[in-house]
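Visitor: Contents of structure-v7.txt (compact mmCIF, C-alpha atoms):
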```
# COMPACT_ATOMS: atom_id res chain seq x y z
CA MET N 88 78.93 155.44 81.05
CA GLN N 89 77.82 157.43 84.08
CA THR N 90 74.50 159.24 83.84
CA GLU N 91 74.65 163.02 84.16
CA ALA N 92 72.60 163.86 87.25
CA LEU N 93 70.18 166.75 86.72
CA TYR N 94 68.12 165.86 89.78
CA TYR N 95 70.36 167.87 92.10
CA THR N 96 69.84 171.08 90.11
CA GLN N 97 68.11 173.94 91.93
CA PRO N 98 65.46 175.02 91.22
CA PRO N 99 64.35 171.47 90.31
CA VAL N 100 64.32 170.51 86.62
CA GLY N 101 60.79 169.60 85.61
CA GLU N 102 61.40 168.98 81.89
CA PHE N 103 64.54 167.90 80.04
CA THR N 104 65.75 166.11 76.91
CA ALA N 105 68.12 163.16 76.84
CA ARG N 106 69.44 160.46 74.52
CA VAL N 107 68.44 156.82 75.09
CA LEU N 108 71.56 154.69 75.66
CA SER N 109 69.92 151.31 76.28
CA CYS N 110 66.51 149.68 76.58
CA GLU N 111 66.01 146.12 77.77
CA ALA N 112 62.93 144.12 78.67
CA ALA N 113 62.61 143.49 82.43
CA GLY N 114 59.55 141.32 82.98
CA GLU N 115 56.51 143.47 82.21
CA THR N 116 58.56 146.69 82.24
CA TRP N 117 61.57 148.08 80.37
CA ALA N 118 64.90 149.11 81.90
CA VAL N 119 66.15 152.26 80.19
CA THR N 120 69.34 154.28 80.64
CA LEU N 121 69.88 157.83 79.38
CA ASP N 122 72.92 160.05 78.97
CA ARG N 123 71.34 162.51 81.47
CA THR N 124 68.31 162.51 83.74
CA ALA N 125 66.37 164.68 86.18
CA PHE N 126 64.67 161.64 87.72
CA TYR N 127 66.01 161.04 91.22
CA PRO N 128 66.86 157.32 91.81
CA GLU N 129 65.71 155.67 95.03
CA GLY N 130 68.32 155.87 97.76
CA GLY N 131 69.08 156.95 101.31
CA GLY N 132 65.54 156.26 102.50
CA GLN N 133 63.94 158.43 99.79
CA PRO N 134 61.70 156.91 97.07
CA ALA N 135 62.43 157.59 93.41
CA ASP N 136 60.83 160.32 91.32
CA ARG N 137 57.85 159.61 89.08
CA GLY N 138 56.80 161.10 85.76
CA ALA N 139 57.12 160.24 82.06
CA LEU N 140 59.66 159.78 79.27
CA ASP N 141 57.84 160.65 76.05
CA GLY N 142 54.74 158.41 76.25
CA ALA N 143 56.16 155.93 78.76
CA LYS N 144 55.41 156.17 82.48
CA VAL N 145 58.40 156.21 84.81
CA LEU N 146 57.48 153.54 87.37
CA ASP N 147 60.72 153.47 89.36
CA VAL N 148 64.33 154.67 89.16
CA HIS N 149 67.51 153.07 90.55
CA GLU N 150 71.23 153.81 90.36
CA LYS N 151 73.67 151.00 89.50
CA GLY N 152 77.39 151.71 89.31
CA GLY N 153 76.92 155.32 88.29
CA GLU N 154 74.19 154.54 85.75
CA VAL N 155 70.61 155.60 86.47
CA VAL N 156 68.17 152.91 85.34
CA HIS N 157 64.58 153.94 84.65
CA SER N 158 61.81 151.33 84.92
CA LEU N 159 59.29 152.24 82.20
CA SER N 160 55.83 151.11 81.17
CA ALA N 161 56.83 151.03 77.47
CA PRO N 162 60.06 150.67 75.48
CA LEU N 163 62.06 153.53 73.94
CA ALA N 164 64.25 153.39 70.83
CA VAL N 165 67.99 153.34 71.50
CA GLY N 166 69.68 156.49 70.15
CA GLU N 167 66.43 158.45 70.18
CA THR N 168 66.21 161.84 71.89
CA VAL N 169 63.33 161.84 74.36
CA THR N 170 61.68 164.38 76.62
CA GLY N 171 61.41 163.68 80.32
CA ARG N 172 58.80 165.25 82.57
CA VAL N 173 59.29 164.94 86.32
CA ASP N 174 56.30 165.01 88.66
CA LEU N 175 57.41 168.15 90.52
CA ALA N 176 54.54 168.02 93.01
CA ARG N 177 55.80 164.63 94.17
CA ARG N 178 59.41 165.88 94.12
CA LEU N 179 58.44 168.78 96.40
CA GLU N 180 56.63 166.39 98.74
CA MET N 181 59.69 164.12 98.97
CA SER N 182 62.08 167.07 99.36
CA GLN N 183 59.97 168.53 102.15
CA GLN N 184 60.09 165.22 104.03
CA HIS N 185 63.83 164.77 103.54
CA THR N 186 64.77 168.33 104.50
CA GLY N 187 62.44 168.19 107.49
CA GLU N 188 64.16 165.00 108.61
CA HIS N 189 67.54 166.74 108.41
CA ILE N 190 66.37 169.66 110.53
CA LEU N 191 64.75 167.46 113.20
CA SER N 192 67.66 164.97 113.24
CA GLY N 193 70.12 167.82 113.61
CA MET N 194 68.18 169.19 116.57
CA LEU N 195 67.95 165.80 118.28
CA HIS N 196 71.68 165.27 117.77
CA ALA N 197 72.60 168.70 119.13
CA MET N 198 70.24 168.51 122.11
CA PHE N 199 70.58 164.86 123.19
CA GLY N 200 73.47 163.36 121.22
CA ALA N 201 70.95 161.20 119.34
CA GLU N 202 72.19 159.56 116.15
CA ASN N 203 69.73 158.91 113.34
CA VAL N 204 70.21 155.16 112.81
CA GLY N 205 67.26 154.61 110.47
CA PHE N 206 65.25 156.73 108.03
CA HIS N 207 62.55 155.94 105.48
CA ILE N 208 59.96 158.02 103.64
CA GLY N 209 56.76 155.97 103.46
CA GLN N 210 53.51 156.69 101.65
CA GLU N 211 51.90 158.62 104.52
CA PHE N 212 54.72 159.57 106.89
CA LEU N 213 58.45 159.24 107.35
CA THR N 214 60.07 157.22 110.12
CA MET N 215 63.24 158.12 112.01
CA ASP N 216 65.02 155.79 114.44
CA THR N 217 67.20 157.35 117.14
CA SER N 218 70.08 155.75 119.01
CA VAL N 219 68.95 156.94 122.46
CA PRO N 220 65.62 157.19 124.31
CA ILE N 221 63.93 160.62 124.23
CA SER N 222 60.98 161.69 126.37
CA ASP N 223 57.71 163.32 125.28
CA GLU N 224 58.81 166.66 126.67
CA GLU N 225 62.21 166.49 124.98
CA LEU N 226 60.64 165.58 121.62
CA ALA N 227 58.22 168.50 121.93
CA GLU N 228 61.09 170.93 122.56
CA ALA N 229 63.13 169.55 119.64
CA GLU N 230 60.07 169.83 117.36
CA ALA N 231 59.52 173.46 118.42
CA ARG N 232 63.16 174.35 117.72
CA ALA N 233 63.05 172.58 114.34
CA ASN N 234 59.99 174.59 113.30
CA ARG N 235 61.69 177.83 114.33
CA VAL N 236 64.42 177.01 111.79
CA ILE N 237 61.68 176.67 109.14
CA TRP N 238 60.21 180.06 110.04
CA GLN N 239 63.66 181.66 109.72
CA ASP N 240 63.62 180.57 106.05
CA VAL N 241 67.38 179.99 105.83
CA PRO N 242 68.99 178.62 102.63
CA VAL N 243 69.64 174.86 102.35
CA GLN N 244 73.14 174.30 101.01
CA ALA N 245 74.25 171.16 99.14
CA VAL N 246 77.94 171.04 98.17
CA TRP N 247 80.20 168.25 96.92
CA HIS N 248 83.49 168.00 98.86
CA THR N 249 86.76 166.24 98.13
CA ARG N 250 88.45 163.89 100.56
CA GLU N 251 90.79 166.66 101.66
CA GLU N 252 87.94 169.09 102.24
CA LEU N 253 86.01 166.52 104.28
CA ALA N 254 88.91 166.28 106.74
CA GLY N 255 88.23 169.85 107.86
CA LEU N 256 84.44 169.47 108.20
CA THR N 257 82.25 168.36 111.10
CA TYR N 258 79.18 166.57 109.77
CA ARG N 259 76.78 163.72 110.57
CA SER N 260 77.25 160.43 108.72
CA LYS N 261 76.30 156.80 109.39
CA LYS N 262 79.69 155.60 108.06
CA GLU N 263 83.20 156.75 107.22
CA LEU N 264 83.33 158.53 103.86
CA GLU N 265 86.26 159.36 101.57
CA GLY N 266 84.84 161.68 98.91
CA PRO N 267 83.65 163.16 96.78
CA VAL N 268 80.77 163.50 99.25
CA ARG N 269 77.69 165.69 99.06
CA ILE N 270 77.23 167.61 102.31
CA VAL N 271 73.84 169.17 102.99
CA THR N 272 73.89 172.03 105.46
CA VAL N 273 70.96 173.75 107.14
CA PRO N 274 72.44 176.72 109.02
CA GLY N 275 71.62 176.55 112.72
CA ALA N 276 70.24 173.01 112.45
CA ASP N 277 72.28 170.35 110.65
CA CYS N 278 75.27 169.37 108.56
CA CYS N 279 75.04 165.89 107.12
CA ALA N 280 76.30 163.72 104.27
CA CYS N 281 73.28 163.04 102.05
CA CYS N 282 72.40 161.99 98.50
CA GLY N 283 68.71 162.97 98.65
CA THR N 284 66.80 165.92 97.21
CA HIS N 285 66.03 168.98 99.31
CA VAL N 286 64.17 172.28 99.12
CA GLU N 287 66.07 175.50 98.42
CA ARG N 288 65.08 177.25 101.66
CA THR N 289 63.76 175.89 104.95
CA GLY N 290 60.53 177.90 104.60
CA GLN N 291 59.50 175.51 101.83
CA VAL N 292 59.34 172.67 104.37
CA GLY N 293 56.28 174.44 105.78
CA MET N 294 56.02 172.49 109.03
CA ILE N 295 57.45 169.51 110.91
CA LYS N 296 55.12 167.49 113.12
CA ILE N 297 55.85 164.33 115.13
CA ILE N 298 52.52 162.51 114.98
CA ASP N 299 53.56 159.48 117.04
CA TRP N 300 56.55 157.66 118.51
CA GLN N 301 57.39 154.30 120.08
CA ASN N 302 60.30 152.73 121.90
CA TYR N 303 62.52 150.91 119.40
CA LYS N 304 65.81 149.03 119.89
CA GLY N 305 67.03 151.13 122.81
CA GLY N 306 65.96 154.40 121.20
CA VAL N 307 62.73 155.71 119.71
CA ARG N 308 61.07 155.42 116.32
CA LEU N 309 59.45 158.70 115.29
CA PHE N 310 56.56 159.02 112.84
CA VAL N 311 56.77 162.43 111.18
CA VAL N 312 54.94 164.49 108.56
CA CYS N 313 56.32 167.61 106.89
CA GLY N 314 55.01 170.20 104.45
CA VAL N 315 52.05 169.11 102.34
CA ARG N 316 51.80 165.87 104.31
CA ALA N 317 51.34 167.88 107.51
CA LEU N 318 48.48 169.73 105.81
CA TRP N 319 46.89 166.45 104.69
CA TYR N 320 47.31 164.99 108.18
CA PHE N 321 45.66 167.91 109.95
CA GLU N 322 42.84 168.05 107.41
CA ALA N 323 42.16 164.35 108.05
CA GLN N 324 42.23 165.02 111.81
CA ARG N 325 39.85 167.98 111.39
CA ALA N 326 37.41 165.94 109.30
CA GLU N 327 37.49 163.08 111.80
CA ALA N 328 36.92 165.46 114.73
CA ALA N 329 34.04 167.13 112.87
CA ALA N 330 32.40 163.73 112.27
CA ILE N 331 32.75 162.82 115.96
CA ARG N 332 31.37 166.21 117.03
CA ALA N 333 28.36 165.69 114.77
CA THR N 334 27.73 162.23 116.22
CA LEU N 335 27.97 163.51 119.80
CA SER N 336 26.29 166.89 119.09
CA ALA N 337 29.37 168.58 120.55
CA LYS N 338 30.34 172.19 119.98
CA PRO N 339 33.85 173.11 118.74
CA GLY N 340 36.31 173.04 121.62
CA GLN N 341 34.12 170.69 123.68
CA LEU N 342 34.88 167.40 121.94
CA ALA N 343 36.98 165.92 124.76
CA ARG N 344 34.29 166.76 127.32
CA ALA N 345 31.60 165.19 125.13
CA VAL N 346 33.64 162.00 124.65
CA GLN N 347 34.29 161.75 128.39
CA HIS N 348 30.57 162.21 129.10
CA GLN N 349 29.72 159.54 126.52
CA SER N 350 32.28 157.18 128.08
CA VAL N 351 30.73 157.59 131.54
CA GLU N 352 27.26 156.93 130.16
CA LEU N 353 28.49 153.88 128.25
CA GLU N 354 30.15 152.42 131.33
CA ALA N 355 26.92 152.91 133.32
CA ALA N 356 24.93 151.23 130.53
CA ARG N 357 27.34 148.29 130.49
CA TYR N 358 26.94 147.89 134.25
CA ARG N 359 23.15 147.90 133.92
CA ALA N 360 23.34 145.35 131.10
CA VAL N 361 25.55 143.02 133.16
CA GLN N 362 23.16 143.30 136.10
CA ALA N 363 20.18 142.51 133.85
CA GLU N 364 22.04 139.53 132.35
CA ASN N 365 22.89 138.21 135.80
CA GLU N 366 19.21 138.40 136.79
CA LEU N 367 18.26 136.55 133.60
CA PHE N 368 20.95 133.91 134.21
CA ALA N 369 19.67 133.38 137.76
CA ALA N 370 16.12 132.93 136.44
CA LEU N 371 17.29 130.42 133.83
CA ALA N 372 19.19 128.49 136.50
CA GLU N 373 16.11 128.10 138.70
CA SER N 374 14.72 125.41 136.38
CA VAL N 375 17.88 123.30 136.62
CA GLN N 376 17.73 120.30 138.93
CA PRO N 377 20.65 119.14 141.12
CA ASP N 378 23.01 116.70 139.32
CA GLU N 379 21.30 117.56 136.00
CA ALA N 380 23.29 118.64 132.93
CA ALA N 381 22.35 122.15 131.81
CA ILE N 382 23.05 122.93 128.13
CA LEU N 383 21.71 126.31 126.94
CA LEU N 384 21.86 128.46 123.81
CA ARG N 385 21.55 132.24 124.26
CA PRO N 386 22.10 135.01 121.68
CA ASN N 387 24.45 137.98 121.96
CA LEU N 388 26.72 136.66 124.69
CA GLY N 389 30.43 137.31 124.68
CA PRO N 390 33.07 135.27 126.53
CA ASP N 391 32.33 137.00 129.86
CA GLY N 392 28.56 136.51 129.48
CA LEU N 393 29.02 132.81 128.74
CA ARG N 394 31.26 132.48 131.78
CA ARG N 395 28.72 134.19 134.04
CA LEU N 396 25.87 132.06 132.69
CA CYS N 397 27.86 128.89 133.42
CA ALA N 398 28.62 130.21 136.92
CA ALA N 399 24.89 130.77 137.57
CA LEU N 400 24.03 127.28 136.34
CA SER N 401 26.80 125.73 138.44
CA GLU N 402 25.21 127.12 141.59
CA ARG N 403 22.21 124.85 140.96
CA THR N 404 23.86 121.63 139.80
CA ASP N 405 27.04 119.59 140.09
CA GLY N 406 26.45 118.29 136.57
CA LEU N 407 27.86 119.66 133.33
CA CYS N 408 26.94 123.29 132.63
CA ALA N 409 27.35 124.40 129.00
CA ALA N 410 26.49 127.77 127.49
CA PHE N 411 26.59 128.58 123.75
CA SER N 412 26.10 131.75 121.73
CA PRO N 413 26.27 132.32 117.93
CA THR N 414 29.04 134.66 116.72
CA GLU N 415 29.15 137.09 113.79
CA THR N 416 31.47 134.71 111.92
CA GLY N 417 28.93 131.85 112.00
CA THR N 418 30.63 129.81 114.72
CA LEU N 419 29.36 128.91 118.17
CA ALA N 420 31.19 130.38 121.15
CA TYR N 421 31.03 128.10 124.17
CA ALA N 422 31.83 127.82 127.86
CA LEU N 423 31.74 124.59 129.90
CA ALA N 424 31.81 124.42 133.69
CA CYS N 425 31.45 121.72 136.33
CA THR N 426 31.83 122.00 140.10
CA GLY N 427 31.36 118.29 140.85
CA PRO N 428 34.03 116.43 142.84
CA GLY N 429 37.09 115.58 140.71
CA ALA N 430 35.61 117.21 137.60
CA ASP N 431 38.06 117.72 134.74
CA LEU N 432 36.56 119.09 131.54
CA ARG N 433 39.77 119.28 129.53
CA GLY N 434 39.28 115.84 127.96
CA LEU N 435 35.69 116.65 127.02
CA CYS N 436 36.83 119.98 125.59
CA LYS N 437 39.37 118.19 123.39
CA GLN N 438 36.71 115.74 122.13
CA LEU N 439 34.32 118.61 121.44
CA ASN N 440 36.91 120.52 119.45
CA GLN N 441 37.85 117.45 117.43
CA ALA N 442 34.23 116.66 116.63
CA PHE N 443 33.24 120.18 115.58
CA SER N 444 36.48 121.76 114.28
CA GLY N 445 36.77 123.86 117.41
CA ARG N 446 39.50 125.43 119.42
CA GLY N 447 39.72 126.34 123.08
CA GLY N 448 40.74 125.10 126.48
CA GLY N 449 41.10 126.08 130.11
CA LYS N 450 41.25 124.68 133.62
CA PRO N 451 39.80 121.40 134.98
CA GLY N 452 36.56 123.04 136.16
CA PHE N 453 36.12 125.55 133.32
CA VAL N 454 36.92 125.61 129.58
CA GLN N 455 36.02 128.05 126.85
CA GLY N 456 36.35 128.35 123.07
CA SER N 457 34.47 128.26 119.77
CA LEU N 458 33.41 125.58 117.27
CA THR N 459 31.59 124.99 114.01
CA GLY N 460 28.27 123.17 114.04
CA GLU N 461 24.57 123.32 114.80
CA PHE N 462 23.57 123.69 118.44
CA GLU N 463 21.28 120.66 118.37
CA GLU N 464 24.14 118.45 117.17
CA VAL N 465 26.52 119.82 119.80
CA GLN N 466 23.87 119.42 122.50
CA ALA N 467 23.30 115.78 121.55
CA PHE N 468 27.05 115.16 121.51
CA LEU N 469 27.45 116.54 125.05
CA ARG N 470 24.50 114.58 126.42
CA ASP N 471 25.90 111.36 124.95
CA ALA N 472 29.36 112.18 126.31
CA THR N 473 28.12 112.88 129.84
CA GLN N 474 25.93 109.77 129.95
CA ALA N 475 28.67 107.44 128.73
```
Translate this structure into structure tokens?
Guide:
Amino acid sequence: MQTEALYYTQPPVGEFTARVLSCEAAGETWAVTLDRTAFYPEGGGQPADRGALDGAKVLDVHEKGGEVVHSLSAPLAVGETVTGRVDLARRLEMSQQHTGEHILSGMLHAMFGAENVGFHIGQEFLTMDTSVPISDEELAEAEARANRVIWQDVPVQAVWHTREELAGLTYRSKKELEGPVRIVTVPGADCCACCGTHVERTGQVGMIKIIDWQNYKGGVRLFVVCGVRALWYFEAQRAEAAAIRATLSAKPGQLARAVQHQSVELEAARYRAVQAENELFAALAESVQPDEAAILLRPNLGPDGLRRLCAALSERTDGLCAAFSPTETGTLAYALACTGPGADLRGLCKQLNQAFSGRGGGKPGFVQGSLTGEFEEVQAFLRDATQA
């Protein structure tokens, strides 16, 4: 028995009654079918509605062969009449995203011949995959045109058509359809076969914003927020900008300048730090004797600092130069260098890694990596290895 679909009714049905046709255990949930439902089943890239049936939470909804199956947190008695309550705030959020996608897809198709080859409404944003590449400037123009359609507040039409009626229509579809087919039309923007839920008028979408994009399979993948999600996104951006302004003591409208100034100062500080480290490394190297192995432990050195310390030591000796520094994860980062004739540290690096659960490698005269162990033990291991 096919389930009567109330989820396409406009305005949306928030509360309804229905008779329970079946209820079966499905793991830790119950699969329930009704004679009618206002809960939209997942499909076409749109997640299912949420809400409750009497005292049971509606966790998910799917359609199988014309029957709508509700995944519930508790069982319901077969034959009982129950009351369903749809989470209309979530329904509006999903409908805003789906209608916004139609408007933007229609614009991209009309302007650039772009087909929408992928669509999914995620938890924070929706993604759209286009069949052709589109530039920043072109996306900005399409977004502006899409938002003008929203401001015009035109009605969104959803009509079921027979096979014969479809033959006389021009509409977007990912595949050949025979009917009956639901065609969603946004005047001036789009005409597309679609099974999702939509708002009644484009003004209810509120806003369409492309927040990011990336090249994807010969086209582009767009990350988009519409309606309430656009509001949430911009509020998060505002809060983040306010926090950065407070940290940098920047006035409104001067955040970019303050960040640029901070970046210049940071780069100058890094240069001064490198110069100070190089002076320290040169001083440490002065105590190293020619042909002597130099094995040092220094705090707060990254890979580049370890490399520069080994380079300074190598200027004083042809023997093994080894620099170590503790990391935040409790391991020891290391760098080994040797400028002696025919030096090849790769074998020693392999032995070191095997002995202290390390990983790393490099060229004959220089290797780098990290290991687990106490410095004194590693130091003794290297001295034994170089004296053998």
Visitor: Between N:Pro390, N:Gly132, N:Gly209, N:Pro220, which is the closest to Lys304 of chain N once you count all atoms listed in the file?
Guide: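 Comparing N:Pro390, N:Gly132, N:Gly209, N:Pro220 against Lys304 of chain N, the winner is N:Pro220.
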Visitor: One number please: atom CA of Ala328 of chain N to atom CA of Val346 of chain N, in Å, one decimal.
Guide: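 It comes out at 11.0 Å.
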Visitor: Please compute the atom CA of Val219 of chain N-atom CA of Tyr303 of chain N distance, one decimal, in Å.
Guide: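 According to the coordinates, atom CA of Val219 of chain N and atom CA of Tyr303 of chain N are separated by 9.3 Å.
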Visitor: For Ala398 of chain N, which of N:Thr426, N:Thr249, N:Gln347, N:Thr217 is the closest residue, counting only C-alpha atoms?
Guide: N:Thr426
Visitor: Give me, as a list in words, all polymer residues having an atom no more than 12 Å from Tyr258 of chain N, counting only C-alpha atoms and skipping those fewer than 4 positions away in the same chain.
Guide: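 These residues fall inside the cut-off: His189, Gly193, His196, Ala197, Glu202, His248, Glu252, Leu253, Ala254, Lys262, Glu263, Leu264, Val268, Arg269, Ile270, Val271, Thr272, Val273, Ala276, Asp277, Cys278, Cys279, Ala280 and Cys281 of chain N.
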Visitor: Taking only C-alpha atoms into account, which of N:Ile237, N:Met194, N:Val465, N:Ala363 comes nearest Phe411 of chain N?
Guide: N:Val465
Visitor: Smallest atom-to-atom distance to Trp238 of chain N: which of N:Val292, N:Ile297, N:Ala372, N:Val148, using only C-alpha atoms?
Guide: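 Counting only C-alpha atoms, the residue closest to Trp238 of chain N is N:Val292.
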